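Quick notes on the structure that follows.
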Amino acid sequence: TNGGTAPPLYDATATQVAEAVRVGPGLMPAFPSQVLDDRQVDDLTAYVQRLRSERLDRGGNPLGRLGPLVEGVVAWLAVLGLLVAAIRWLGRRAGE
């Protein structure tokens with residue numbers, strides 16, 4: 001790509017997305033009507049619009065959208081906290 005990038009489409013209008021599909025600005029390839037018909041372009045445009053409205057969580061849980069590694073660490077810390085609490089509770093019961 002020689003350092004070039006395709007233009008971002010998240011802030012684009014539906015018309016701009018459809019035009020980008022047909023014209024292919026920058027490094028983005030053009031898709032004429034022989035490749036994608038109008039209905040497919042409309043579906044693609046609706047998908048891009050939906051992506052804008054949804055905030056996808058990479059890890060599955062909305063922990064600040066930090067990703068699966070951080071969410072795994074949080075889960076392990078929670079489990080370790082419960083384990084320490086159980087051990088302390090058992091220790092107090094044994095000392096009575």
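By order in the structure tokens, chains are A, B, ...; within a chain, residues start at 1; ligands start at 1, following the order shown.
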
Selection: 12 Å around segment 30-36 of chain A, only C-alpha atoms, excl. self and same-chain fewer than 3 positions, as a ChimeraX atom specification
/A:6,17-27,39-44

When DSSP is applied to the backbone of this structure, which of chain A are assigned alpha helix (DSSP H)? Write them out as a ChimeraX atom specification.
/A:14-23,38-53,68-95

Please produce an output containing C-alpha atoms for each residue in the selection, written as an mmCIF file, in the first residue's frame.
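That gives us part.cif:
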```cif
data_model
loop_
_atom_site.group_PDB
_atom_site.id
_atom_site.type_symbol
_atom_site.label_atom_id
_atom_site.label_comp_id
_atom_site.auth_asym_id
_atom_site.auth_seq_id
_atom_site.Cartn_x
_atom_site.Cartn_y
_atom_site.Cartn_z
ATOM 1 C CA ALA A 14 -25.061 6.651 3.789
ATOM 2 C CA THR A 15 -24.600 8.412 0.448
ATOM 3 C CA GLN A 16 -20.875 8.850 1.045
ATOM 4 C CA VAL A 17 -20.499 5.163 1.909
ATOM 5 C CA ALA A 18 -22.333 4.132 -1.266
ATOM 6 C CA GLU A 19 -20.221 6.520 -3.362
ATOM 7 C CA ALA A 20 -17.038 5.162 -1.769
ATOM 8 C CA VAL A 21 -18.084 1.638 -2.740
ATOM 9 C CA ARG A 22 -18.765 2.655 -6.332
ATOM 10 C CA VAL A 23 -15.815 5.058 -6.869
ATOM 11 C CA ASP A 38 -27.635 -1.667 -5.748
ATOM 12 C CA ARG A 39 -29.273 -3.858 -3.113
ATOM 13 C CA GLN A 40 -25.898 -5.207 -1.959
ATOM 14 C CA VAL A 41 -24.534 -1.660 -1.736
ATOM 15 C CA ASP A 42 -27.594 -0.661 0.306
ATOM 16 C CA ASP A 43 -26.997 -3.624 2.624
ATOM 17 C CA LEU A 44 -23.342 -2.669 3.020
ATOM 18 C CA THR A 45 -24.288 0.929 3.734
ATOM 19 C CA ALA A 46 -26.808 -0.189 6.371
ATOM 20 C CA TYR A 47 -24.122 -2.386 7.955
ATOM 21 C CA VAL A 48 -21.656 0.508 8.201
ATOM 22 C CA GLN A 49 -24.400 2.692 9.698
ATOM 23 C CA ARG A 50 -25.204 -0.034 12.228
ATOM 24 C CA LEU A 51 -21.545 -0.312 13.212
ATOM 25 C CA ARG A 52 -21.590 3.378 14.016
ATOM 26 C CA SER A 53 -24.573 2.986 16.360
ATOM 27 C CA PRO A 68 -10.299 -9.896 26.458
ATOM 28 C CA LEU A 69 -6.894 -9.776 28.175
ATOM 29 C CA VAL A 70 -7.920 -7.103 30.660
ATOM 30 C CA GLU A 71 -11.263 -8.779 31.234
ATOM 31 C CA GLY A 72 -9.446 -12.051 31.948
ATOM 32 C CA VAL A 73 -7.223 -10.333 34.492
ATOM 33 C CA VAL A 74 -10.278 -8.787 36.175
ATOM 34 C CA ALA A 75 -11.932 -12.216 36.330
ATOM 35 C CA TRP A 76 -8.829 -13.803 37.885
ATOM 36 C CA LEU A 77 -8.572 -11.017 40.452
ATOM 37 C CA ALA A 78 -12.235 -11.543 41.377
ATOM 38 C CA VAL A 79 -11.678 -15.291 41.773
ATOM 39 C CA LEU A 80 -8.560 -14.719 43.875
ATOM 40 C CA GLY A 81 -10.471 -12.249 46.049
ATOM 41 C CA LEU A 82 -13.212 -14.800 46.660
ATOM 42 C CA LEU A 83 -10.605 -17.459 47.434
ATOM 43 C CA VAL A 84 -8.854 -15.240 49.992
ATOM 44 C CA ALA A 85 -12.200 -14.379 51.601
ATOM 45 C CA ALA A 86 -13.119 -18.079 51.836
ATOM 46 C CA ILE A 87 -9.747 -18.976 53.343
ATOM 47 C CA ARG A 88 -10.021 -16.202 55.949
ATOM 48 C CA TRP A 89 -13.568 -17.289 56.809
ATOM 49 C CA LEU A 90 -12.455 -20.912 57.221
ATOM 50 C CA GLY A 91 -9.462 -19.796 59.298
ATOM 51 C CA ARG A 92 -11.684 -17.861 61.689
ATOM 52 C CA ARG A 93 -14.070 -20.808 62.029
ATOM 53 C CA ALA A 94 -11.167 -23.162 62.782
ATOM 54 C CA GLY A 95 -9.845 -20.788 65.470
#
```
